[in-house]
Each structure stands twice: as structure tokens, then as C-alpha cells.
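Reproduced below: query_5.cif, with mmCIF, C-alpha atoms.
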```
data_start
loop_
_atom_site.group_PDB
_atom_site.id
_atom_site.type_symbol
_atom_site.label_atom_id
_atom_site.label_comp_id
_atom_site.auth_asym_id
_atom_site.auth_seq_id
_atom_site.Cartn_x
_atom_site.Cartn_y
_atom_site.Cartn_z
ATOM 1 C CA ILE C 279 32.720 -21.602 30.958
ATOM 2 C CA GLY C 280 29.562 -23.652 31.054
ATOM 3 C CA CYS C 281 28.558 -25.259 34.286
ATOM 4 C CA ILE C 282 31.911 -25.048 36.048
ATOM 5 C CA ALA C 283 31.097 -23.040 39.171
ATOM 6 C CA ILE C 284 33.209 -24.701 41.854
ATOM 7 C CA LEU C 285 36.960 -25.131 41.810
ATOM 8 C CA SER C 286 37.899 -27.757 44.394
ATOM 9 C CA PHE C 287 41.649 -27.911 44.572
ATOM 10 C CA VAL C 288 44.328 -27.391 47.187
ATOM 11 C CA LEU C 289 45.823 -24.489 45.197
ATOM 12 C CA PHE C 290 43.288 -21.949 46.455
ATOM 13 C CA SER C 291 42.253 -20.760 49.903
ATOM 14 C CA THR C 292 38.546 -20.503 50.652
ATOM 15 C CA THR C 293 37.412 -17.158 49.254
ATOM 16 C CA LYS C 294 35.165 -15.498 46.669
ATOM 17 C CA THR C 295 36.120 -13.234 43.801
ATOM 18 C CA THR C 296 34.678 -11.479 40.790
ATOM 19 C CA LEU C 297 36.881 -10.401 37.894
ATOM 20 C CA ARG C 298 35.955 -7.479 35.699
ATOM 21 C CA GLY C 299 34.530 -8.555 32.363
ATOM 22 C CA MET C 300 34.104 -12.157 33.502
ATOM 23 C CA PRO C 301 30.965 -14.200 34.218
ATOM 24 C CA GLN C 302 29.390 -13.222 37.515
ATOM 25 C CA GLU C 303 28.722 -16.683 38.911
ATOM 26 C CA ASP C 304 29.783 -17.344 42.491
ATOM 27 C CA HIS C 305 33.085 -19.209 42.176
ATOM 28 C CA THR C 306 33.864 -20.531 45.642
ATOM 29 C CA PHE C 307 37.265 -22.103 46.192
ATOM 30 C CA HIS C 308 37.661 -25.018 48.612
ATOM 31 C CA ASN C 309 40.823 -26.514 50.028
ATOM 32 C CA ASP C 310 40.080 -30.164 49.380
ATOM 33 C CA TYR C 311 37.561 -32.591 48.030
ATOM 34 C CA GLN C 312 34.921 -33.745 50.501
ATOM 35 C CA ASP C 313 34.323 -36.986 48.667
ATOM 36 C CA ASP C 314 36.518 -38.268 45.848
ATOM 37 C CA ASP C 315 33.637 -40.416 44.634
ATOM 38 C CA VAL C 316 31.621 -37.367 43.536
ATOM 39 C CA ILE C 317 34.315 -35.785 41.385
ATOM 40 C CA ASN C 318 32.800 -35.456 37.952
ATOM 41 C CA GLU C 319 34.644 -35.270 34.681
ATOM 42 C CA GLU C 320 34.608 -31.473 34.551
ATOM 43 C CA GLU C 321 36.150 -31.202 38.010
ATOM 44 C CA ALA C 322 38.828 -33.715 37.045
ATOM 45 C CA ILE C 323 39.703 -31.691 33.937
ATOM 46 C CA LEU C 324 39.708 -28.520 36.014
ATOM 47 C CA LYS C 325 42.074 -30.099 38.536
ATOM 48 C CA LEU C 326 44.389 -31.126 35.692
ATOM 49 C CA ARG C 327 44.255 -27.625 34.256
ATOM 50 C CA VAL C 328 45.149 -25.983 37.572
ATOM 51 C CA ALA C 329 47.980 -28.414 38.309
ATOM 52 C CA SER C 330 49.450 -28.148 34.809
ATOM 53 C CA LEU C 331 49.331 -24.362 34.695
ATOM 54 C CA GLU C 332 50.669 -23.971 38.230
ATOM 55 C CA GLN C 333 53.660 -26.092 37.277
ATOM 56 C CA ILE C 334 54.339 -23.736 34.362
ATOM 57 C CA ILE C 335 53.554 -20.376 35.998
ATOM 58 C CA ALA C 336 54.787 -20.641 39.622
ATOM 59 C CA PRO C 337 58.513 -20.885 38.720
ATOM 60 C CA LEU C 338 58.237 -17.599 36.797
ATOM 61 C CA LEU C 339 57.305 -15.447 39.778
ATOM 62 C CA LEU C 340 60.263 -13.445 41.020
ATOM 63 C CA PRO C 341 60.782 -12.566 44.703
ATOM 64 C CA SER C 342 61.562 -8.961 43.792
ATOM 65 C CA SER C 343 58.197 -8.608 42.082
ATOM 66 C CA SER C 344 56.326 -9.011 45.351
ATOM 67 C CA SER C 345 58.366 -6.645 47.507
ATOM 68 C CA SER C 346 55.274 -4.568 48.305
ATOM 69 C CA LEU C 347 53.386 -7.618 49.565
ATOM 70 C CA SER C 348 53.645 -9.356 52.904
ATOM 71 C CA SER C 349 56.780 -11.391 53.536
ATOM 72 C CA SER C 350 54.859 -14.665 53.494
ATOM 73 C CA LEU C 351 53.554 -13.917 50.005
ATOM 74 C CA SER C 352 56.889 -12.687 48.677
ATOM 75 C CA LEU C 353 58.651 -15.884 49.755
ATOM 76 C CA ASP C 354 56.197 -18.342 48.221
ATOM 77 C CA PRO C 355 55.129 -17.959 44.573
ATOM 78 C CA HIS C 356 52.334 -20.471 45.148
ATOM 79 C CA LEU C 357 50.787 -18.115 47.702
ATOM 80 C CA LEU C 358 50.831 -15.321 45.113
ATOM 81 C CA LEU C 359 48.684 -17.509 42.890
ATOM 82 C CA ARG C 360 46.296 -18.310 45.754
ATOM 83 C CA ASP C 361 45.749 -14.817 47.131
ATOM 84 C CA LEU C 362 42.996 -13.376 44.952
ATOM 85 C CA SER C 363 43.889 -9.824 45.948
ATOM 86 C CA THR C 364 47.080 -10.011 43.857
ATOM 87 C CA PRO C 365 47.333 -9.418 40.100
ATOM 88 C CA TYR C 366 49.173 -12.744 39.900
ATOM 89 C CA SER C 367 46.188 -14.698 41.152
ATOM 90 C CA LYS C 368 43.786 -12.696 38.996
ATOM 91 C CA ALA C 369 45.831 -13.471 35.876
ATOM 92 C CA PHE C 370 46.107 -17.129 36.871
ATOM 93 C CA SER C 371 42.372 -17.352 37.609
ATOM 94 C CA PHE C 372 41.682 -15.873 34.180
ATOM 95 C CA LEU C 373 43.605 -18.723 32.536
ATOM 96 C CA VAL C 374 42.113 -21.423 34.733
ATOM 97 C CA LEU C 375 38.470 -20.375 34.982
ATOM 98 C CA TYR C 376 37.539 -17.939 32.244
ATOM 99 C CA ASP C 377 39.886 -18.102 29.263
ATOM 100 C CA THR C 378 38.042 -20.196 26.686
ATOM 101 C CA ARG C 379 41.164 -20.387 24.549
ATOM 102 C CA THR C 380 43.122 -22.062 27.361
ATOM 103 C CA ILE C 381 40.180 -24.185 28.494
ATOM 104 C CA ASP C 382 39.585 -25.447 24.958
ATOM 105 C CA SER C 383 43.239 -26.464 24.646
ATOM 106 C CA PHE C 384 42.766 -28.815 27.581
ATOM 107 C CA SER C 385 39.582 -30.216 26.088
ATOM 108 C CA THR C 386 40.900 -30.873 22.591
ATOM 109 C CA GLU C 387 44.564 -31.745 23.137
ATOM 110 C CA GLY C 388 46.014 -34.882 24.600
ATOM 111 C CA SER C 389 47.412 -34.616 28.125
ATOM 112 C CA SER C 390 50.943 -35.112 26.836
ATOM 113 C CA SER C 391 50.702 -31.796 24.959
ATOM 114 C CA PHE C 392 50.442 -29.890 28.249
ATOM 115 C CA THR C 393 54.126 -30.441 28.922
ATOM 116 C CA THR C 394 55.462 -29.495 25.490
ATOM 117 C CA LYS C 395 57.717 -26.473 25.118
ATOM 118 C CA LYS C 396 55.295 -24.918 22.630
ATOM 119 C CA PHE C 397 52.374 -25.165 25.059
ATOM 120 C CA GLU C 398 54.471 -23.788 27.915
ATOM 121 C CA LYS C 399 55.624 -20.837 25.813
ATOM 122 C CA GLU C 400 52.049 -20.037 24.791
ATOM 123 C CA MET C 401 50.765 -20.158 28.363
ATOM 124 C CA ILE C 402 53.660 -18.065 29.707
ATOM 125 C CA GLN C 403 53.093 -15.294 27.174
ATOM 126 C CA ARG C 404 49.318 -15.235 27.770
ATOM 127 C CA PHE C 405 49.825 -15.133 31.545
ATOM 128 C CA ILE C 406 52.387 -12.302 31.372
ATOM 129 C CA ILE C 407 50.127 -10.138 29.188
ATOM 130 C CA ALA C 408 47.177 -10.805 31.531
ATOM 131 C CA LEU C 409 49.460 -9.953 34.482
ATOM 132 C CA LEU C 410 50.390 -6.652 32.829
ATOM 133 C CA PHE C 411 46.670 -5.902 32.469
ATOM 134 C CA TYR C 412 45.886 -6.567 36.138
ATOM 135 C CA SER C 413 49.090 -4.931 37.454
ATOM 136 C CA THR C 414 48.294 -1.631 35.723
ATOM 137 C CA GLY C 415 44.657 -1.180 36.720
ATOM 138 C CA GLY C 416 43.035 -2.762 33.697
ATOM 139 C CA ASP C 417 40.360 -4.429 35.822
ATOM 140 C CA GLU C 418 39.299 -1.232 37.580
ATOM 141 C CA VAL C 419 36.260 0.892 36.672
ATOM 142 C CA ALA C 420 36.836 2.296 33.202
ATOM 143 C CA ALA C 421 37.323 6.021 32.774
ATOM 144 C CA GLY C 422 34.310 7.936 31.505
ATOM 145 C CA ILE C 423 31.721 6.050 33.541
ATOM 146 C CA VAL C 424 29.395 8.456 35.342
ATOM 147 C CA ARG C 425 29.130 7.731 39.064
ATOM 148 C CA PRO C 426 25.886 8.089 41.060
ATOM 149 C CA ASP C 427 26.935 11.608 42.084
ATOM 150 C CA ASN C 428 27.107 12.541 38.379
ATOM 151 C CA ILE C 429 30.855 13.039 38.513
ATOM 152 C CA THR C 430 32.687 11.337 35.659
ATOM 153 C CA ALA C 431 35.252 8.840 36.891
ATOM 154 C CA THR C 432 38.594 9.649 35.282
ATOM 155 C CA THR C 433 41.128 8.418 37.813
ATOM 156 C CA THR C 434 40.768 4.650 37.575
ATOM 157 C CA GLY C 435 40.699 2.109 34.804
ATOM 158 C CA TRP C 436 42.231 2.064 31.380
ATOM 159 C CA LYS C 437 41.185 5.179 29.483
ATOM 160 C CA ASN C 438 40.243 3.358 26.285
ATOM 161 C CA GLY C 439 38.659 0.221 27.749
ATOM 162 C CA ASN C 440 40.285 -3.164 27.872
ATOM 163 C CA LEU C 441 41.506 -3.087 24.232
ATOM 164 C CA HIS C 442 40.276 -6.689 23.812
ATOM 165 C CA PHE C 443 42.585 -7.832 26.622
ATOM 166 C CA LEU C 444 41.318 -11.039 28.288
ATOM 167 C CA SER C 445 39.190 -11.865 25.249
ATOM 168 C CA SER C 446 39.186 -15.281 23.592
ATOM 169 C CA LEU C 447 41.335 -13.857 20.785
ATOM 170 C CA HIS C 448 45.020 -14.688 20.603
ATOM 171 C CA GLU C 449 46.901 -12.103 22.642
ATOM 172 C CA CYS C 450 48.494 -10.772 19.442
ATOM 173 C CA HIS C 451 45.016 -9.394 18.686
ATOM 174 C CA TRP C 452 44.551 -7.722 22.062
ATOM 175 C CA ASN C 453 44.570 -4.203 20.608
ATOM 176 C CA LYS C 454 42.328 -1.454 19.335
ATOM 177 C CA LYS C 455 42.739 1.387 16.866
ATOM 178 C CA LEU C 456 41.530 4.752 18.128
ATOM 179 C CA LYS C 457 40.418 6.462 14.953
ATOM 180 C CA GLY C 458 41.186 10.131 14.692
ATOM 181 C CA ALA C 459 42.983 10.196 18.040
ATOM 182 C CA GLY C 460 45.708 12.420 16.663
ATOM 183 C CA ILE C 461 47.772 12.233 19.849
ATOM 184 C CA GLY C 462 51.069 11.799 18.084
ATOM 185 C CA PHE C 463 52.434 8.737 19.874
ATOM 186 C CA GLY C 464 54.400 6.190 17.927
ATOM 187 C CA PHE C 465 55.945 2.757 18.023
ATOM 188 C CA LEU C 466 58.242 0.482 16.043
ATOM 189 C CA ASN C 467 56.572 -1.564 13.335
ATOM 190 C CA LYS C 468 57.652 -5.068 12.320
ATOM 191 C CA LEU C 469 60.355 -3.603 10.087
ATOM 192 C CA GLY C 470 61.859 -1.710 12.994
ATOM 193 C CA GLU C 471 60.630 1.612 11.641
ATOM 194 C CA TYR C 472 59.248 4.242 14.002
ATOM 195 C CA VAL C 473 55.598 4.877 13.127
ATOM 196 C CA ASN C 474 53.735 8.012 14.183
ATOM 197 C CA GLU C 475 49.994 7.256 14.186
ATOM 198 C CA ASP C 476 48.619 10.800 14.023
ATOM 199 C CA ASP C 477 45.421 9.679 12.303
ATOM 200 C CA GLY C 478 44.615 6.960 14.774
ATOM 201 C CA GLU C 479 46.653 5.399 17.566
ATOM 202 C CA VAL C 480 46.834 1.637 17.839
ATOM 203 C CA LEU C 481 46.962 0.644 21.506
ATOM 204 C CA GLY C 482 47.613 -2.722 23.090
ATOM 205 C CA ILE C 483 49.669 -5.539 21.630
ATOM 206 C CA VAL C 484 50.545 -3.872 18.344
ATOM 207 C CA GLY C 485 53.069 -6.324 16.939
ATOM 208 C CA CYS C 486 53.980 -10.026 16.926
ATOM 209 C CA ASN C 487 56.435 -12.050 14.875
ATOM 210 C CA ASP C 488 55.632 -15.009 12.619
ATOM 211 C CA ASP C 489 55.732 -17.327 15.640
ATOM 212 C CA LEU C 490 53.046 -15.227 17.377
ATOM 213 C CA GLU C 491 55.512 -13.940 19.963
ATOM 214 C CA VAL C 492 54.780 -10.417 21.217
ATOM 215 C CA THR C 493 57.230 -7.872 19.818
ATOM 216 C CA HIS C 494 55.531 -4.486 20.268
ATOM 217 C CA VAL C 495 53.467 -3.146 23.177
ATOM 218 C CA ASN C 496 51.945 0.343 23.086
ATOM 219 C CA LEU C 497 49.857 1.448 26.088
ATOM 220 C CA ALA C 498 50.869 5.105 26.035
ATOM 221 C CA GLY C 499 48.447 7.652 27.454
ATOM 222 C CA ASN C 500 45.939 4.992 28.561
ATOM 223 C CA ASN C 501 45.606 5.954 32.253
ATOM 224 C CA LEU C 502 47.599 2.977 33.481
ATOM 225 C CA PHE C 503 48.350 2.963 37.197
ATOM 226 C CA GLY C 504 50.063 0.504 39.487
ATOM 227 C CA THR C 505 53.417 -1.086 38.691
ATOM 228 C CA ILE C 506 55.200 -2.766 35.815
ATOM 229 C CA PRO C 507 55.517 -6.459 36.746
ATOM 230 C CA PHE C 508 59.080 -7.709 37.007
ATOM 231 C CA GLU C 509 57.986 -10.764 35.034
ATOM 232 C CA ILE C 510 57.809 -8.654 31.870
ATOM 233 C CA LYS C 511 61.286 -10.094 31.258
ATOM 234 C CA TYR C 512 59.610 -13.225 29.898
ATOM 235 C CA LEU C 513 58.410 -11.351 26.804
ATOM 236 C CA THR C 514 61.789 -12.220 25.381
ATOM 237 C CA LYS C 515 61.092 -11.077 21.811
ATOM 238 C CA LEU C 516 59.867 -7.629 22.825
ATOM 239 C CA GLN C 517 61.338 -4.895 20.592
ATOM 240 C CA SER C 518 59.222 -1.891 21.537
ATOM 241 C CA LEU C 519 57.667 -0.939 24.897
ATOM 242 C CA ASP C 520 55.773 2.354 25.068
ATOM 243 C CA LEU C 521 54.196 3.137 28.458
ATOM 244 C CA ARG C 522 54.648 6.906 28.465
ATOM 245 C CA ASN C 523 52.185 9.429 29.916
ATOM 246 C CA ASN C 524 50.429 7.182 32.408
ATOM 247 C CA ARG C 525 50.340 7.076 36.225
ATOM 248 C CA LEU C 526 52.602 4.097 36.808
ATOM 249 C CA SER C 527 54.533 4.116 40.079
ATOM 250 C CA GLY C 528 57.050 2.108 42.072
ATOM 251 C CA PRO C 529 60.488 1.236 40.724
ATOM 252 C CA ILE C 530 61.313 0.590 37.097
ATOM 253 C CA PRO C 531 61.969 -3.170 37.005
ATOM 254 C CA HIS C 532 65.629 -3.992 36.561
ATOM 255 C CA THR C 533 64.418 -7.017 34.590
ATOM 256 C CA ILE C 534 63.725 -4.748 31.602
ATOM 257 C CA GLY C 535 67.458 -5.151 31.131
ATOM 258 C CA ASP C 536 66.798 -8.799 30.242
ATOM 259 C CA LEU C 537 64.805 -7.795 27.150
ATOM 260 C CA ARG C 538 67.757 -8.209 24.823
ATOM 261 C CA GLU C 539 65.760 -7.503 21.644
ATOM 262 C CA LEU C 540 64.449 -4.136 22.866
ATOM 263 C CA LYS C 541 64.950 -1.301 20.345
ATOM 264 C CA PHE C 542 62.502 1.296 21.670
ATOM 265 C CA LEU C 543 61.568 2.146 25.256
ATOM 266 C CA SER C 544 59.511 5.061 26.543
ATOM 267 C CA LEU C 545 58.547 5.338 30.215
ATOM 268 C CA ASP C 546 58.431 9.109 30.666
ATOM 269 C CA GLY C 547 55.449 10.967 32.107
ATOM 270 C CA ASN C 548 54.837 8.493 34.942
ATOM 271 C CA LYS C 549 55.394 8.539 38.711
ATOM 272 C CA PHE C 550 58.241 6.103 39.114
ATOM 273 C CA VAL C 551 60.558 6.323 42.100
ATOM 274 C CA GLY C 552 64.161 5.285 42.584
ATOM 275 C CA SER C 553 66.961 5.205 40.053
ATOM 276 C CA ILE C 554 66.881 4.061 36.465
ATOM 277 C CA PRO C 555 68.293 0.510 36.477
ATOM 278 C CA ASP C 556 71.828 0.204 35.179
ATOM 279 C CA SER C 557 70.752 -2.914 33.285
ATOM 280 C CA ILE C 558 68.827 -0.771 30.772
ATOM 281 C CA GLY C 559 72.071 0.906 29.743
ATOM 282 C CA TYR C 560 73.506 -2.430 28.621
ATOM 283 C CA LEU C 561 70.800 -3.193 26.058
ATOM 284 C CA ASP C 562 72.918 -2.889 22.928
ATOM 285 C CA LYS C 563 69.963 -2.924 20.507
ATOM 286 C CA LEU C 564 68.247 -0.131 22.396
ATOM 287 C CA GLY C 565 70.622 2.457 21.042
ATOM 288 C CA THR C 566 70.221 5.982 22.401
ATOM 289 C CA CYS C 567 68.462 6.932 25.641
ATOM 290 C CA VAL C 568 67.253 10.481 26.190
ATOM 291 C CA GLY C 569 67.099 11.140 29.932
ATOM 292 C CA GLU C 570 69.113 11.224 33.119
ATOM 293 C CA MET C 571 70.410 7.711 33.571
ATOM 294 C CA GLU C 572 72.171 8.265 36.890
ATOM 295 C CA THR C 573 69.888 10.567 38.861
ATOM 296 C CA LEU C 574 66.980 9.685 41.116
ATOM 297 C CA PHE C 575 63.493 10.187 39.792
ATOM 298 C CA VAL C 576 61.557 13.278 40.730
ATOM 299 C CA VAL C 577 57.965 12.039 40.677
ATOM 300 C CA GLY C 578 56.405 12.611 37.259
ATOM 301 C CA MET C 579 59.299 14.756 36.019
ATOM 302 C CA VAL C 580 62.033 12.531 34.630
ATOM 303 C CA VAL C 581 62.030 11.615 30.965
ATOM 304 C CA LEU C 582 63.223 8.198 29.844
ATOM 305 C CA LEU C 583 63.050 7.640 26.101
ATOM 306 C CA CYS C 584 65.297 5.120 24.368
ATOM 307 C CA PHE C 585 65.384 4.266 20.700
ATOM 308 C CA LYS C 586 67.623 2.922 17.933
ATOM 309 C CA ARG C 587 68.913 5.698 15.707
#
```
How does the structure come out when it is put into C-alpha cells?
Amino acid sequence: IGCIAILSFVLFSTTKTTLRGMPQEDHTFHNDYQDDDVINEEEAILKLRVASLEQIIAPLLLPSSSSSLSSSLSLDPHLLLRDLSTPYSKAFSFLVLYDTRTIDSFSTEGSSSFTTKKFEKEMIQRFIIALLFYSTGGDEVAAGIVRPDNITATTTGWKNGNLHFLSSLHECHWNKKLKGAGIGFGFLNKLGEYVNEDDGEVLGIVGCNDDLEVTHVNLAGNNLFGTIPFEIKYLTKLQSLDLRNNRLSGPIPHTIGDLRELKFLSLDGNKFVGSIPDSIGYLDKLGTCVGEMETLFVVGMVVLLCFKR
């Protein structure tokens, strides 16, 4: 991002962080400006970018999504964005510091455009997809990397790399085709037809509508671990969500029940705990669910597959 190396704004506590796949400069965050007279134009634009995006993103964060964090973090969404150990802050930092697509929008658009509904919708979707990446181990060491002890690391990181996630491409292009994978997973295409990609799985964001709203997500069998963020509810046009055969844990978010356009859902082969949310049973477009909808999960054993017949 050029010469921007210092973010001086009250949003962040004083700390240092490095994000996987990002420039390795030392980005040190300070609580306040030491001298307003030395604020250059880049710092002023950066301050505007942080303030504008915080105003859009902070109201999205749900208290239930941070139940595993300390009480002080779970009560204040602004603290979630400041604590760089959380996937929320990592996703927010991506938008603010590293995402050239977002940064360029602040450089080329008038300030009034930052408050338009279109801009807000674009930033929300990009943040939620980045949050999904960080919440499910996408920033960890990729599988297949040989460690110093010559043992291949296979327990952390997305199996097939980052699938162009966090690139400068529009998030509708954050995907990758695995030629000759032959693993037999499938997903709904734009016509609502179930597609079995035996000759090459497409993983990532595999479908968007004409308005560039995400409609199909397929991350099956990609060594995801961590939790599904409750904020996935903001992908309001989502029709297909395939997260089967990973190592996801924690509860299944009840907010999946807010995805009213959902026609296909597969979460089996993970390590979820707790009961399947009742809200999923009320998704009328989802159709049929194969699985025990009332019983508690036995780790890694319960199947949940829902689709429109």
C-alpha cells in the first residue's frame, strides 16, 4: 500500500501484527496523534478510511459471535475490531491497510460516496468473506509445507491455499478450480441445479448474481478449522453453503436461519457441538434436510445435508 506504514488513530491499541500473505512492513498502531500539524495527506485519508469503515462494520458484530472471547470483548464490537488476535480485527485490518480495491475506492471516489447504500453493501460483503477466511484458519500455515523436522504440515491452513481470498480481485472471483480432483463434491449453480464436479472441484466463492452478491460458497474438504462466524447472516443472497468434511467446531450459528434464500446446506463431517438450530428447519427454500434435527451432535459423527428436491 505504498508508503503507509503507520496507522495513527484511536481505533487501535498499541500493538504489532503481521497478516499472512500481506506486506511484511512493521505496522505499529498508536492511540493518538502526537502533533496534528504533522498529519500528512495519506494519514488523513487513512483516518477517514478507518472511521468510515468502522461506522459500517461495527454495528454488524453480534454479541453471540464472541461468546468464546473475554466478556469485555464480547460486549463491545469496537474492541473486537481493535484486538488483533481476533478474526474480526484481522478482516478489518485487511480492508483498512492492505486491500487495494478498498483503498483505491477511497482515493478515486468522492467522500459522499462512502455513505451510500451501494458502498456499504460492497464493504459488508467483502468484510464478511474476509471474516470467514480468518475464522476458519485461512491465515494459518498452508497444508503441505515441509517443516524443519521434515514432517509435512497437514493439520493447519486451508488445504488448497487461499483460493485467491484477500486478493485485489472482486470477492466473486475468490475461487480456484482444482483440475482432476475427482472428489465428487457438488454445489448449486446459478440455475439452482446441483452440479457434481468430478473432473475438477471449484472451491471458494463459486457463484454470484448479476449484482455481484455472493450466492454460492463451496469450501468442502479444504481443511477448514475454527468456527463459522455468526455474521454469515449478512450474505443475504446466499443459496448454497457447502462446508462439509472439514474440522470446524463450536456451535452451528443459529443465524444460518436468517439466510432466507438458502437452497442447499451441507455441514456434515465436522466437529460441531450442541444441537442443530431450530431456525434452520424454518428455511422454506431449503427443502429437505438429511440428518437428525433434534439430537445433540456427537463430535464428527452427525450428518447435516439439506437441499431442495
Run the PyMOL selection byres ((chain C and resi 363-375) around 7) against the file shown and list the residues it catches, as a PDB file with C-alpha atoms, in the frame of the given file.
```
ATOM      1  CA  ARG C 327      44.255 -27.625  34.256  1.00  0.00           C
ATOM      2  CA  VAL C 328      45.149 -25.983  37.572  1.00  0.00           C
ATOM      3  CA  LEU C 358      50.831 -15.321  45.113  1.00  0.00           C
ATOM      4  CA  LEU C 359      48.684 -17.509  42.890  1.00  0.00           C
ATOM      5  CA  ARG C 360      46.296 -18.310  45.754  1.00  0.00           C
ATOM      6  CA  ASP C 361      45.749 -14.817  47.131  1.00  0.00           C
ATOM      7  CA  LEU C 362      42.996 -13.376  44.952  1.00  0.00           C
ATOM      8  CA  TYR C 376      37.539 -17.939  32.244  1.00  0.00           C
ATOM      9  CA  ASP C 377      39.886 -18.102  29.263  1.00  0.00           C
ATOM     10  CA  THR C 380      43.122 -22.062  27.361  1.00  0.00           C
ATOM     11  CA  PHE C 405      49.825 -15.133  31.545  1.00  0.00           C
ATOM     12  CA  ALA C 408      47.177 -10.805  31.531  1.00  0.00           C
ATOM     13  CA  LEU C 409      49.460  -9.953  34.482  1.00  0.00           C
ATOM     14  CA  TYR C 412      45.886  -6.567  36.138  1.00  0.00           C
ATOM     15  CA  SER C 413      49.090  -4.931  37.454  1.00  0.00           C
TER      16      SER C 413
END
```
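With all atoms listed in the file as the atoms that count, the residue of C:Arg525, C:Lys515, C:Lys325, C:Lys454 with the shortest distance to Asn496 in chain C is C:Lys454.
Interatomic distance, CA of Glu332 in chain C to CA of Thr378 in chain C: 17.5 Å.
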Subject >> Selection under test: the PyMOL selection byres ((chain C and resi 401) around 9); residues as an NGL selection string >> reply: :C and (331 or 334-335 or 373 or 380 or 396-400 or 402-406)
Subject >> Å distance separating CA of Pro337 in chain C from CA of Leu564 in chain C, one decimal place >> reply: 28.1 Å
Within 8 Å of His532 in chain C using only C-alpha atoms, minus same-chain residues under 4 positions, as a tab-separated table (two decimals) with C-alpha atoms, in the frame of the given file:
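out11.tsv written:
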```
chain	number	residue	atom	x	y	z
C	508	PHE	CA	59.08	-7.71	37.01
C	555	PRO	CA	68.29	0.51	36.48
C	556	ASP	CA	71.83	0.20	35.18
C	557	SER	CA	70.75	-2.91	33.28
C	558	ILE	CA	68.83	-0.77	30.77
```
